[in-house]
Every structure is written in C-alpha cells, then in structure tokens.
$ cat upload31.cif   # mmCIF, N, CA and C atoms
data_coords
#
loop_
_atom_site.label_atom_id
_atom_site.label_comp_id
_atom_site.auth_asym_id
_atom_site.auth_seq_id
_atom_site.Cartn_x
_atom_site.Cartn_y
_atom_site.Cartn_z
N ASN A 220 64.87 181.25 93.54
CA ASN A 220 65.87 180.20 93.41
C ASN A 220 67.27 180.79 93.26
N HIS A 221 67.39 181.87 92.50
CA HIS A 221 68.71 182.51 92.32
C HIS A 221 69.28 182.98 93.65
N THR A 222 68.43 183.60 94.48
CA THR A 222 68.87 184.11 95.77
C THR A 222 69.36 182.97 96.66
N MET A 223 68.57 181.87 96.72
CA MET A 223 68.96 180.72 97.52
C MET A 223 70.30 180.18 97.05
N ILE A 224 70.47 180.03 95.74
CA ILE A 224 71.70 179.46 95.18
C ILE A 224 72.90 180.35 95.51
N GLN A 225 72.74 181.67 95.37
CA GLN A 225 73.84 182.59 95.68
C GLN A 225 74.24 182.52 97.15
N LYS A 226 73.24 182.46 98.03
CA LYS A 226 73.52 182.40 99.47
C LYS A 226 74.28 181.13 99.83
N ILE A 227 73.82 179.99 99.32
CA ILE A 227 74.47 178.71 99.64
C ILE A 227 75.88 178.70 99.07
N SER A 228 76.05 179.17 97.86
CA SER A 228 77.36 179.18 97.21
C SER A 228 78.36 180.01 98.01
N THR A 229 77.95 181.19 98.44
CA THR A 229 78.81 182.08 99.22
C THR A 229 79.14 181.48 100.58
N ALA A 230 78.14 180.91 101.24
CA ALA A 230 78.33 180.38 102.60
C ALA A 230 79.21 179.13 102.63
N THR A 231 79.22 178.37 101.55
CA THR A 231 79.90 177.07 101.60
C THR A 231 81.14 176.97 100.72
N GLN A 232 81.44 178.03 99.98
CA GLN A 232 82.59 177.99 99.06
C GLN A 232 82.44 176.88 98.01
N THR A 233 81.20 176.58 97.65
CA THR A 233 80.92 175.58 96.62
C THR A 233 80.46 176.32 95.37
N ALA A 234 81.05 175.96 94.23
CA ALA A 234 80.63 176.60 92.97
C ALA A 234 79.33 175.95 92.51
N ILE A 235 78.30 176.77 92.37
CA ILE A 235 77.01 176.26 91.91
C ILE A 235 76.69 176.90 90.57
N VAL A 236 76.56 176.06 89.56
CA VAL A 236 76.27 176.54 88.21
C VAL A 236 74.78 176.32 87.95
N PHE A 237 74.06 177.41 87.69
CA PHE A 237 72.61 177.34 87.47
C PHE A 237 72.32 177.61 86.01
N GLU A 238 71.75 176.63 85.33
CA GLU A 238 71.40 176.80 83.92
C GLU A 238 69.90 176.58 83.75
N ASN A 239 69.21 177.67 83.44
CA ASN A 239 67.77 177.60 83.26
C ASN A 239 67.44 177.83 81.78
N GLN A 240 66.84 176.83 81.15
CA GLN A 240 66.48 176.94 79.74
C GLN A 240 64.98 177.20 79.56
N VAL A 241 64.30 177.57 80.64
CA VAL A 241 62.85 177.74 80.60
C VAL A 241 62.48 179.18 80.96
N GLN A 242 61.82 179.85 80.04
CA GLN A 242 61.33 181.21 80.31
C GLN A 242 59.89 181.32 79.84
N PRO A 243 59.02 181.96 80.58
CA PRO A 243 59.24 182.38 81.96
C PRO A 243 58.99 181.20 82.89
N LEU A 244 59.58 181.24 84.07
CA LEU A 244 59.35 180.21 85.07
C LEU A 244 58.11 180.61 85.88
N LYS A 245 56.94 180.20 85.41
CA LYS A 245 55.69 180.53 86.10
C LYS A 245 55.07 179.24 86.58
N PHE A 246 54.90 179.14 87.89
CA PHE A 246 54.34 177.92 88.46
C PHE A 246 53.18 178.23 89.39
N SER A 247 52.33 177.24 89.58
CA SER A 247 51.34 177.31 90.66
C SER A 247 52.14 177.17 91.95
N PRO A 248 51.57 177.62 93.08
CA PRO A 248 52.32 177.54 94.35
C PRO A 248 52.84 176.13 94.68
N ASP A 249 52.03 175.09 94.43
CA ASP A 249 52.48 173.73 94.76
C ASP A 249 53.63 173.30 93.85
N GLU A 250 53.58 173.70 92.58
CA GLU A 250 54.66 173.37 91.64
C GLU A 250 55.94 174.11 92.01
N GLY A 251 55.80 175.41 92.27
CA GLY A 251 56.96 176.23 92.62
C GLY A 251 57.65 175.73 93.87
N ASP A 252 56.84 175.31 94.84
CA ASP A 252 57.39 174.80 96.09
C ASP A 252 58.17 173.50 95.85
N ALA A 253 57.63 172.62 95.01
CA ALA A 253 58.31 171.36 94.70
C ALA A 253 59.63 171.63 93.98
N VAL A 254 59.63 172.54 93.01
CA VAL A 254 60.84 172.89 92.26
C VAL A 254 61.90 173.42 93.23
N TYR A 255 61.51 174.33 94.10
CA TYR A 255 62.42 174.93 95.07
C TYR A 255 63.04 173.85 95.97
N ARG A 256 62.19 172.96 96.48
CA ARG A 256 62.66 171.91 97.40
C ARG A 256 63.62 170.93 96.73
N VAL A 257 63.34 170.56 95.49
CA VAL A 257 64.23 169.63 94.78
C VAL A 257 65.61 170.26 94.65
N ILE A 258 65.65 171.53 94.22
CA ILE A 258 66.93 172.22 94.04
C ILE A 258 67.64 172.38 95.38
N GLN A 259 66.90 172.85 96.39
CA GLN A 259 67.50 173.08 97.71
C GLN A 259 68.06 171.78 98.29
N GLU A 260 67.30 170.71 98.23
CA GLU A 260 67.72 169.44 98.81
C GLU A 260 68.90 168.85 98.03
N GLY A 261 68.83 168.96 96.70
CA GLY A 261 69.92 168.46 95.86
C GLY A 261 71.24 169.14 96.18
N ILE A 262 71.20 170.46 96.34
CA ILE A 262 72.41 171.23 96.65
C ILE A 262 72.90 170.90 98.07
N THR A 263 71.98 170.85 99.01
CA THR A 263 72.33 170.55 100.40
C THR A 263 73.00 169.18 100.51
N ASN A 264 72.43 168.17 99.87
CA ASN A 264 73.00 166.81 99.89
C ASN A 264 74.39 166.79 99.25
N ALA A 265 74.54 167.51 98.14
CA ALA A 265 75.82 167.54 97.43
C ALA A 265 76.93 168.06 98.35
N ILE A 266 76.61 169.08 99.13
CA ILE A 266 77.60 169.70 100.00
C ILE A 266 77.82 168.88 101.28
N GLN A 267 76.72 168.52 101.95
CA GLN A 267 76.85 167.83 103.24
C GLN A 267 77.34 166.40 103.10
N HIS A 268 76.75 165.66 102.19
CA HIS A 268 77.08 164.23 102.07
C HIS A 268 78.13 163.95 101.01
N GLY A 269 78.07 164.68 99.91
CA GLY A 269 78.97 164.40 98.80
C GLY A 269 80.29 165.14 98.86
N LYS A 270 80.38 166.14 99.76
CA LYS A 270 81.59 166.97 99.86
C LYS A 270 81.96 167.56 98.49
N ALA A 271 80.95 167.90 97.71
CA ALA A 271 81.15 168.38 96.35
C ALA A 271 81.79 169.77 96.32
N LYS A 272 82.58 170.02 95.29
CA LYS A 272 83.16 171.34 95.06
C LYS A 272 82.36 172.09 93.99
N HIS A 273 81.66 171.33 93.13
CA HIS A 273 80.84 171.91 92.07
C HIS A 273 79.48 171.23 92.05
N VAL A 274 78.44 172.05 91.89
CA VAL A 274 77.09 171.53 91.75
C VAL A 274 76.49 172.19 90.52
N PHE A 275 75.88 171.38 89.67
CA PHE A 275 75.26 171.88 88.44
C PHE A 275 73.75 171.68 88.53
N VAL A 276 73.01 172.78 88.40
CA VAL A 276 71.56 172.74 88.46
C VAL A 276 71.05 173.12 87.08
N THR A 277 70.27 172.22 86.46
CA THR A 277 69.75 172.48 85.12
C THR A 277 68.24 172.33 85.11
N ILE A 278 67.56 173.29 84.48
CA ILE A 278 66.11 173.22 84.32
C ILE A 278 65.80 173.25 82.83
N THR A 279 65.10 172.22 82.37
CA THR A 279 64.70 172.16 80.96
C THR A 279 63.21 171.82 80.88
N LYS A 280 62.65 172.01 79.69
CA LYS A 280 61.22 171.78 79.48
C LYS A 280 61.02 171.04 78.16
N LYS A 281 60.18 170.01 78.19
CA LYS A 281 59.79 169.33 76.96
C LYS A 281 58.31 169.04 77.07
N GLU A 282 57.52 169.67 76.20
CA GLU A 282 56.07 169.63 76.28
C GLU A 282 55.64 170.06 77.67
N LYS A 283 54.82 169.26 78.37
CA LYS A 283 54.36 169.70 79.70
C LYS A 283 55.36 169.37 80.80
N TRP A 284 56.42 168.64 80.46
CA TRP A 284 57.35 168.16 81.48
C TRP A 284 58.49 169.12 81.76
N LEU A 285 58.64 169.45 83.04
CA LEU A 285 59.78 170.22 83.50
C LEU A 285 60.77 169.22 84.08
N THR A 286 62.02 169.29 83.64
CA THR A 286 63.04 168.40 84.18
C THR A 286 64.05 169.22 84.98
N LEU A 287 64.23 168.83 86.23
CA LEU A 287 65.21 169.45 87.11
C LEU A 287 66.32 168.45 87.31
N MET A 288 67.55 168.87 87.07
CA MET A 288 68.68 167.98 87.33
C MET A 288 69.67 168.70 88.24
N VAL A 289 70.01 168.04 89.34
CA VAL A 289 71.03 168.55 90.25
C VAL A 289 72.14 167.50 90.28
N LYS A 290 73.30 167.87 89.74
CA LYS A 290 74.42 166.93 89.62
C LYS A 290 75.64 167.53 90.31
N ASP A 291 76.40 166.67 91.01
CA ASP A 291 77.58 167.20 91.68
C ASP A 291 78.81 166.35 91.38
N ASP A 292 79.97 166.88 91.74
CA ASP A 292 81.24 166.16 91.53
C ASP A 292 81.77 165.59 92.84
N GLY A 293 80.86 165.29 93.75
CA GLY A 293 81.25 164.78 95.06
C GLY A 293 81.58 163.30 95.04
N ILE A 294 81.60 162.71 96.23
CA ILE A 294 82.05 161.33 96.38
C ILE A 294 81.04 160.30 95.89
N GLY A 295 79.78 160.71 95.69
CA GLY A 295 78.76 159.76 95.24
C GLY A 295 78.48 158.73 96.31
N CYS A 296 77.74 157.71 95.95
CA CYS A 296 77.47 156.63 96.91
C CYS A 296 76.96 155.41 96.15
N LYS A 297 77.39 154.25 96.62
CA LYS A 297 76.96 153.01 95.98
C LYS A 297 75.53 152.66 96.35
N THR A 298 75.19 152.84 97.61
CA THR A 298 73.84 152.54 98.10
C THR A 298 73.16 153.84 98.47
N ILE A 299 72.04 154.13 97.82
CA ILE A 299 71.33 155.37 98.09
C ILE A 299 70.31 155.11 99.20
N GLN A 300 70.49 155.82 100.31
CA GLN A 300 69.56 155.69 101.42
C GLN A 300 68.71 156.94 101.45
N LYS A 301 67.40 156.75 101.32
CA LYS A 301 66.50 157.90 101.30
C LYS A 301 66.27 158.39 102.72
N GLY A 302 67.01 159.43 103.07
CA GLY A 302 66.79 160.08 104.35
C GLY A 302 65.58 160.99 104.24
N PHE A 303 65.37 161.82 105.24
CA PHE A 303 64.22 162.71 105.28
C PHE A 303 64.17 163.60 104.03
N GLY A 304 65.33 164.14 103.62
CA GLY A 304 65.36 165.07 102.49
C GLY A 304 64.91 164.46 101.18
N LEU A 305 65.48 163.30 100.84
CA LEU A 305 65.10 162.64 99.58
C LEU A 305 63.67 162.14 99.64
N GLN A 306 63.24 161.70 100.81
CA GLN A 306 61.85 161.24 100.99
C GLN A 306 60.89 162.41 100.77
N HIS A 307 61.27 163.57 101.28
CA HIS A 307 60.47 164.78 101.16
C HIS A 307 60.32 165.17 99.68
N ILE A 308 61.42 165.15 98.94
CA ILE A 308 61.38 165.43 97.50
C ILE A 308 60.43 164.45 96.81
N GLN A 309 60.61 163.16 97.10
CA GLN A 309 59.80 162.12 96.47
C GLN A 309 58.30 162.38 96.71
N GLU A 310 57.94 162.69 97.94
CA GLU A 310 56.53 162.92 98.27
C GLU A 310 55.97 164.12 97.52
N ARG A 311 56.72 165.21 97.47
CA ARG A 311 56.24 166.42 96.79
C ARG A 311 56.07 166.20 95.29
N VAL A 312 57.04 165.52 94.69
CA VAL A 312 56.98 165.26 93.25
C VAL A 312 55.87 164.25 92.94
N ASP A 313 55.72 163.24 93.78
CA ASP A 313 54.64 162.25 93.61
C ASP A 313 53.27 162.93 93.61
N LEU A 314 53.09 163.89 94.52
CA LEU A 314 51.80 164.60 94.62
C LEU A 314 51.45 165.30 93.31
N LEU A 315 52.46 165.71 92.56
CA LEU A 315 52.23 166.41 91.29
C LEU A 315 52.19 165.44 90.10
N GLY A 316 52.36 164.14 90.36
CA GLY A 316 52.32 163.15 89.28
C GLY A 316 53.64 163.03 88.54
N GLY A 317 54.73 163.41 89.20
CA GLY A 317 56.04 163.35 88.56
C GLY A 317 56.86 162.16 89.02
N THR A 318 58.13 162.14 88.60
CA THR A 318 59.03 161.05 88.97
C THR A 318 60.36 161.63 89.44
N VAL A 319 61.06 160.87 90.27
CA VAL A 319 62.38 161.25 90.75
C VAL A 319 63.30 160.05 90.59
N SER A 320 64.50 160.29 90.06
CA SER A 320 65.49 159.21 89.98
C SER A 320 66.81 159.72 90.53
N TYR A 321 67.63 158.77 91.00
CA TYR A 321 68.91 159.10 91.62
C TYR A 321 69.99 158.24 91.01
N ASP A 322 71.21 158.80 90.95
CA ASP A 322 72.36 158.03 90.49
C ASP A 322 73.56 158.47 91.32
N GLY A 323 74.17 157.53 92.04
CA GLY A 323 75.30 157.86 92.88
C GLY A 323 76.62 157.31 92.36
N SER A 324 76.64 156.93 91.07
CA SER A 324 77.82 156.25 90.53
C SER A 324 78.96 157.19 90.15
N ASN A 325 78.66 158.44 89.77
CA ASN A 325 79.68 159.39 89.35
C ASN A 325 79.30 160.74 89.96
N GLY A 326 79.77 160.98 91.19
CA GLY A 326 79.20 162.09 91.93
C GLY A 326 77.80 161.66 92.31
N PHE A 327 76.89 162.60 92.42
CA PHE A 327 75.50 162.25 92.73
C PHE A 327 74.60 163.08 91.85
N THR A 328 73.57 162.45 91.29
CA THR A 328 72.63 163.14 90.41
C THR A 328 71.21 162.87 90.87
N VAL A 329 70.42 163.92 90.95
CA VAL A 329 68.98 163.82 91.21
C VAL A 329 68.29 164.36 89.97
N VAL A 330 67.36 163.59 89.41
CA VAL A 330 66.58 164.07 88.28
C VAL A 330 65.10 163.97 88.64
N ALA A 331 64.42 165.11 88.62
CA ALA A 331 62.98 165.14 88.89
C ALA A 331 62.27 165.60 87.62
N LYS A 332 61.25 164.84 87.23
CA LYS A 332 60.42 165.24 86.08
C LYS A 332 59.02 165.52 86.61
N ILE A 333 58.57 166.73 86.35
CA ILE A 333 57.30 167.18 86.91
C ILE A 333 56.41 167.71 85.78
N PRO A 334 55.16 167.18 85.69
CA PRO A 334 54.24 167.75 84.70
C PRO A 334 53.72 169.10 85.23
N ILE A 335 53.97 170.14 84.47
CA ILE A 335 53.62 171.50 84.91
C ILE A 335 52.38 171.96 84.15
N ARG A 336 51.50 172.68 84.85
CA ARG A 336 50.27 173.17 84.21
C ARG A 336 50.52 174.43 83.37
N TRP A 337 51.69 175.08 83.59
CA TRP A 337 52.07 176.29 82.83
C TRP A 337 50.97 177.34 82.82
N GLY A 338 50.35 177.52 83.99
CA GLY A 338 49.36 178.57 84.14
C GLY A 338 48.07 178.33 83.38
N GLU A 339 47.86 177.10 82.90
CA GLU A 339 46.64 176.81 82.12
C GLU A 339 45.44 176.61 83.04
#
$ encode --input "upload31.cif" --output "structure tokens"
Amino acid sequence: NHTMIQKISTATQTAIVFENQVQPLKFSPDEGDAVYRVIQEGITNAIQHGKAKHVFVTITKKEKWLTLMVKDDGIGCKTIQKGFGLQHIQERVDLLGGTVSYDGSNGFTVVAKIPIRWGE
C-alpha cells in the first residue's frame, strides 16, 4: 500500500497522507485485496472526479473490525453515482461481510468497515 500511495502521489502532484494505526497489518489474501482496492479506488476517485489536492487515508482497528477511511478535500458531490469503481469496492467488502458508506457533502469520504480474521 505504501508503494502504491507514493507512486500515485508523485505522478499526480496530490498530497496523500497515510495514517495507519494497526500493527501488524496481516491479512488473508481476500482481505488484503479488498483493503488495497478500497484505498486505490478512494484515491483514484479523489483525484479524477474530486480534483482533490489532499487525500487522507486512515486505517484503524476496533475489536475484529478494520476501518478504512479515504477522505479528500475535492469538490465532493451531491448525488453519489456508483460507477464501476465504487461498485467493485462494494462487492469486495460485501463478500467479507463488511459495510461501505459514502459522503460527498464536504469533499468526498469513503468509509469501509471490514471484519478481519487477524490470522485466526
């Protein structure tokens, strides 16, 4: 995830702040893939659609729940239309029994909550 974030930040001149409060980040392949896609899609949308200058990616954990938040300072949107990217996130998170919510009122925010097995 760090490598992807650095590459996108350099290529687009967008400041991406990554705050991870979870150590170690150990996931099953399906969980890791979902986490990667949520972050990648959130950042991509912020830049392409939101014209954001700053994107904040936060990962937190409470009990079995991993919360991913991707928030930007872009133009936001009143009506959220789930294109292929947001639909893709929704499907991956649904498969893991998680939830995804969106807010386009102040920039754009994607919050995904995923129950993680934590290697159990």
$ residues_around --input "upload31.cif" --residues "Val274 of chain A" --least-positions-apart "4" --cutoff "7 Å" --atoms "all atoms listed in the file" --output "ChimeraX atom specification"
/A:233-237,262,289-292
$ atom_distance --input "upload31.cif" --atom1 "atom CA of Gly323 of chain A" --atom2 "atom CA of Lys297 of chain A"
6.0 Å
$ atom_distance --input "upload31.cif" --atom1 "atom CA of Gly295 of chain A" --atom2 "atom CA of Phe327 of chain A"
4.8 Å
$ atom_distance --input "upload31.cif" --atom1 "atom CA of Lys332 of chain A" --atom2 "atom C of Val312 of chain A"
8.3 Å
$ resolve_selection --input "upload31.cif" --expression "the PyMOL selection byres ((chain A and resi 320) around 8)" --output "compact mmCIF listing (two decimals) with N, CA and C atoms, in the frame of the given file"
# COMPACT_ATOMS: atom_id res chain seq x y z
N GLY A 317 54.73 163.41 89.20
CA GLY A 317 56.04 163.35 88.56
C GLY A 317 56.86 162.16 89.02
N THR A 318 58.13 162.14 88.60
CA THR A 318 59.03 161.05 88.97
C THR A 318 60.36 161.63 89.44
N VAL A 319 61.06 160.87 90.27
CA VAL A 319 62.38 161.25 90.75
C VAL A 319 63.30 160.05 90.59
N TYR A 321 67.63 158.77 91.00
CA TYR A 321 68.91 159.10 91.62
C TYR A 321 69.99 158.24 91.01
N ASP A 322 71.21 158.80 90.95
CA ASP A 322 72.36 158.03 90.49
C ASP A 322 73.56 158.47 91.32
N GLY A 323 74.17 157.53 92.04
CA GLY A 323 75.30 157.86 92.88
C GLY A 323 76.62 157.31 92.36
N THR A 328 73.57 162.45 91.29
CA THR A 328 72.63 163.14 90.41
C THR A 328 71.21 162.87 90.87
N VAL A 329 70.42 163.92 90.95
CA VAL A 329 68.98 163.82 91.21
C VAL A 329 68.29 164.36 89.97
N VAL A 330 67.36 163.59 89.41
CA VAL A 330 66.58 164.07 88.28
C VAL A 330 65.10 163.97 88.64
N ALA A 331 64.42 165.11 88.62
CA ALA A 331 62.98 165.14 88.89
C ALA A 331 62.27 165.60 87.62
N LYS A 332 61.25 164.84 87.23
CA LYS A 332 60.42 165.24 86.08
C LYS A 332 59.02 165.52 86.61
$ closest_residue --input "upload31.cif" --among "A:Val276, A:Arg256, A:Lys281, A:Ser247" --to "Ile308 of chain A" --atoms "all atoms listed in the file"
A:Arg256
$ closest_residue --input "upload31.cif" --among "A:Glu238, A:Ser228, A:Phe303, A:Ala253" --to "Phe275 of chain A" --atoms "all atoms listed in the file"
A:Glu238
$ resolve_selection --input "upload31.cif" --expression "the PyMOL selection byres (((chain A and resi 285 and name CA) around 8) and name CA)" --output "list in words"
Ile278, Thr279, Lys280, Lys281, Lys283, Trp284, Thr286, Leu287, Lys332, Ile333, Pro334 and Ile335 of chain A
$ write_last_selection --input "upload31.cif" --atoms "N, CA and C atoms" --output "short mmCIF file (atom, residue, chain, number, x, y, z; two decimals), keeping the file's coordinate frame"
data_model
loop_
_atom_site.label_atom_id
_atom_site.label_comp_id
_atom_site.auth_asym_id
_atom_site.auth_seq_id
_atom_site.Cartn_x
_atom_site.Cartn_y
_atom_site.Cartn_z
N ILE A 278 67.56 173.29 84.48
CA ILE A 278 66.11 173.22 84.32
C ILE A 278 65.80 173.25 82.83
N THR A 279 65.10 172.22 82.37
CA THR A 279 64.70 172.16 80.96
C THR A 279 63.21 171.82 80.88
N LYS A 280 62.65 172.01 79.69
CA LYS A 280 61.22 171.78 79.48
C LYS A 280 61.02 171.04 78.16
N LYS A 281 60.18 170.01 78.19
CA LYS A 281 59.79 169.33 76.96
C LYS A 281 58.31 169.04 77.07
N LYS A 283 54.82 169.26 78.37
CA LYS A 283 54.36 169.70 79.70
C LYS A 283 55.36 169.37 80.80
N TRP A 284 56.42 168.64 80.46
CA TRP A 284 57.35 168.16 81.48
C TRP A 284 58.49 169.12 81.76
N THR A 286 62.02 169.29 83.64
CA THR A 286 63.04 168.40 84.18
C THR A 286 64.05 169.22 84.98
N LEU A 287 64.23 168.83 86.23
CA LEU A 287 65.21 169.45 87.11
C LEU A 287 66.32 168.45 87.31
N LYS A 332 61.25 164.84 87.23
CA LYS A 332 60.42 165.24 86.08
C LYS A 332 59.02 165.52 86.61
N ILE A 333 58.57 166.73 86.35
CA ILE A 333 57.30 167.18 86.91
C ILE A 333 56.41 167.71 85.78
N PRO A 334 55.16 167.18 85.69
CA PRO A 334 54.24 167.75 84.70
C PRO A 334 53.72 169.10 85.23
N ILE A 335 53.97 170.14 84.47
CA ILE A 335 53.62 171.50 84.91
C ILE A 335 52.38 171.96 84.15
#
$ resolve_selection --input "upload31.cif" --expression "the PyMOL selection byres ((chain A and resi 220-224) around 8)" --output "VMD selection string"
chain A and resid 225 to 230 235 254 to 255 259
$ write_last_selection --input "upload31.cif" --atoms "N, CA and C atoms" --output "compact mmCIF listing (two decimals), in the frame of the given file"
# COMPACT_ATOMS: atom_id res chain seq x y z
N GLN A 225 72.74 181.67 95.37
CA GLN A 225 73.84 182.59 95.68
C GLN A 225 74.24 182.52 97.15
N LYS A 226 73.24 182.46 98.03
CA LYS A 226 73.52 182.40 99.47
C LYS A 226 74.28 181.13 99.83
N ILE A 227 73.82 179.99 99.32
CA ILE A 227 74.47 178.71 99.64
C ILE A 227 75.88 178.70 99.07
N SER A 228 76.05 179.17 97.86
CA SER A 228 77.36 179.18 97.21
C SER A 228 78.36 180.01 98.01
N THR A 229 77.95 181.19 98.44
CA THR A 229 78.81 182.08 99.22
C THR A 229 79.14 181.48 100.58
N ALA A 230 78.14 180.91 101.24
CA ALA A 230 78.33 180.38 102.60
C ALA A 230 79.21 179.13 102.63
N ILE A 235 78.30 176.77 92.37
CA ILE A 235 77.01 176.26 91.91
C ILE A 235 76.69 176.90 90.57
N VAL A 254 59.63 172.54 93.01
CA VAL A 254 60.84 172.89 92.26
C VAL A 254 61.90 173.42 93.23
N TYR A 255 61.51 174.33 94.10
CA TYR A 255 62.42 174.93 95.07
C TYR A 255 63.04 173.85 95.97
N GLN A 259 66.90 172.85 96.39
CA GLN A 259 67.50 173.08 97.71
C GLN A 259 68.06 171.78 98.29
$ build_atoms --input "upload31.cif" --residues "segment 322-334 of chain A" --atoms "N, CA, C and O atoms" --output "PDB file, in the coordinates of the input"
ATOM      1  N   ASP A 322      71.210 158.800  90.950  1.00  0.00           N
ATOM      2  CA  ASP A 322      72.360 158.030  90.490  1.00  0.00           C
ATOM      3  C   ASP A 322      73.560 158.470  91.320  1.00  0.00           C
ATOM      4  O   ASP A 322      73.929 159.637  91.303  1.00  0.00           O
ATOM      5  N   GLY A 323      74.170 157.530  92.040  1.00  0.00           N
ATOM      6  CA  GLY A 323      75.300 157.860  92.880  1.00  0.00           C
ATOM      7  C   GLY A 323      76.620 157.310  92.360  1.00  0.00           C
ATOM      8  O   GLY A 323      77.589 157.226  93.083  1.00  0.00           O
ATOM      9  N   SER A 324      76.640 156.930  91.070  1.00  0.00           N
ATOM     10  CA  SER A 324      77.820 156.250  90.530  1.00  0.00           C
ATOM     11  C   SER A 324      78.960 157.190  90.150  1.00  0.00           C
ATOM     12  O   SER A 324      80.116 156.820  90.155  1.00  0.00           O
ATOM     13  N   ASN A 325      78.660 158.440  89.770  1.00  0.00           N
ATOM     14  CA  ASN A 325      79.680 159.390  89.350  1.00  0.00           C
ATOM     15  C   ASN A 325      79.300 160.740  89.960  1.00  0.00           C
ATOM     16  O   ASN A 325      78.581 161.512  89.342  1.00  0.00           O
ATOM     17  N   GLY A 326      79.770 160.980  91.190  1.00  0.00           N
ATOM     18  CA  GLY A 326      79.200 162.090  91.930  1.00  0.00           C
ATOM     19  C   GLY A 326      77.800 161.660  92.310  1.00  0.00           C
ATOM     20  O   GLY A 326      77.524 160.472  92.481  1.00  0.00           O
ATOM     21  N   PHE A 327      76.890 162.600  92.420  1.00  0.00           N
ATOM     22  CA  PHE A 327      75.500 162.250  92.730  1.00  0.00           C
ATOM     23  C   PHE A 327      74.600 163.080  91.850  1.00  0.00           C
ATOM     24  O   PHE A 327      74.833 164.280  91.651  1.00  0.00           O
ATOM     25  N   THR A 328      73.570 162.450  91.290  1.00  0.00           N
ATOM     26  CA  THR A 328      72.630 163.140  90.410  1.00  0.00           C
ATOM     27  C   THR A 328      71.210 162.870  90.870  1.00  0.00           C
ATOM     28  O   THR A 328      70.852 161.723  91.140  1.00  0.00           O
ATOM     29  N   VAL A 329      70.420 163.920  90.950  1.00  0.00           N
ATOM     30  CA  VAL A 329      68.980 163.820  91.210  1.00  0.00           C
ATOM     31  C   VAL A 329      68.290 164.360  89.970  1.00  0.00           C
ATOM     32  O   VAL A 329      68.606 165.474  89.523  1.00  0.00           O
ATOM     33  N   VAL A 330      67.360 163.590  89.410  1.00  0.00           N
ATOM     34  CA  VAL A 330      66.580 164.070  88.280  1.00  0.00           C
ATOM     35  C   VAL A 330      65.100 163.970  88.640  1.00  0.00           C
ATOM     36  O   VAL A 330      64.611 162.894  88.961  1.00  0.00           O
ATOM     37  N   ALA A 331      64.420 165.110  88.620  1.00  0.00           N
ATOM     38  CA  ALA A 331      62.980 165.140  88.890  1.00  0.00           C
ATOM     39  C   ALA A 331      62.270 165.600  87.620  1.00  0.00           C
ATOM     40  O   ALA A 331      62.671 166.589  87.014  1.00  0.00           O
ATOM     41  N   LYS A 332      61.250 164.840  87.230  1.00  0.00           N
ATOM     42  CA  LYS A 332      60.420 165.240  86.080  1.00  0.00           C
ATOM     43  C   LYS A 332      59.020 165.520  86.610  1.00  0.00           C
ATOM     44  O   LYS A 332      58.424 164.664  87.242  1.00  0.00           O
ATOM     45  N   ILE A 333      58.570 166.730  86.350  1.00  0.00           N
ATOM     46  CA  ILE A 333      57.300 167.180  86.910  1.00  0.00           C
ATOM     47  C   ILE A 333      56.410 167.710  85.780  1.00  0.00           C
ATOM     48  O   ILE A 333      56.819 168.561  85.007  1.00  0.00           O
ATOM     49  N   PRO A 334      55.160 167.180  85.690  1.00  0.00           N
ATOM     50  CA  PRO A 334      54.240 167.750  84.700  1.00  0.00           C
ATOM     51  C   PRO A 334      53.720 169.100  85.230  1.00  0.00           C
ATOM     52  O   PRO A 334      53.174 169.168  86.313  1.00  0.00           O
TER      53      PRO A 334
END
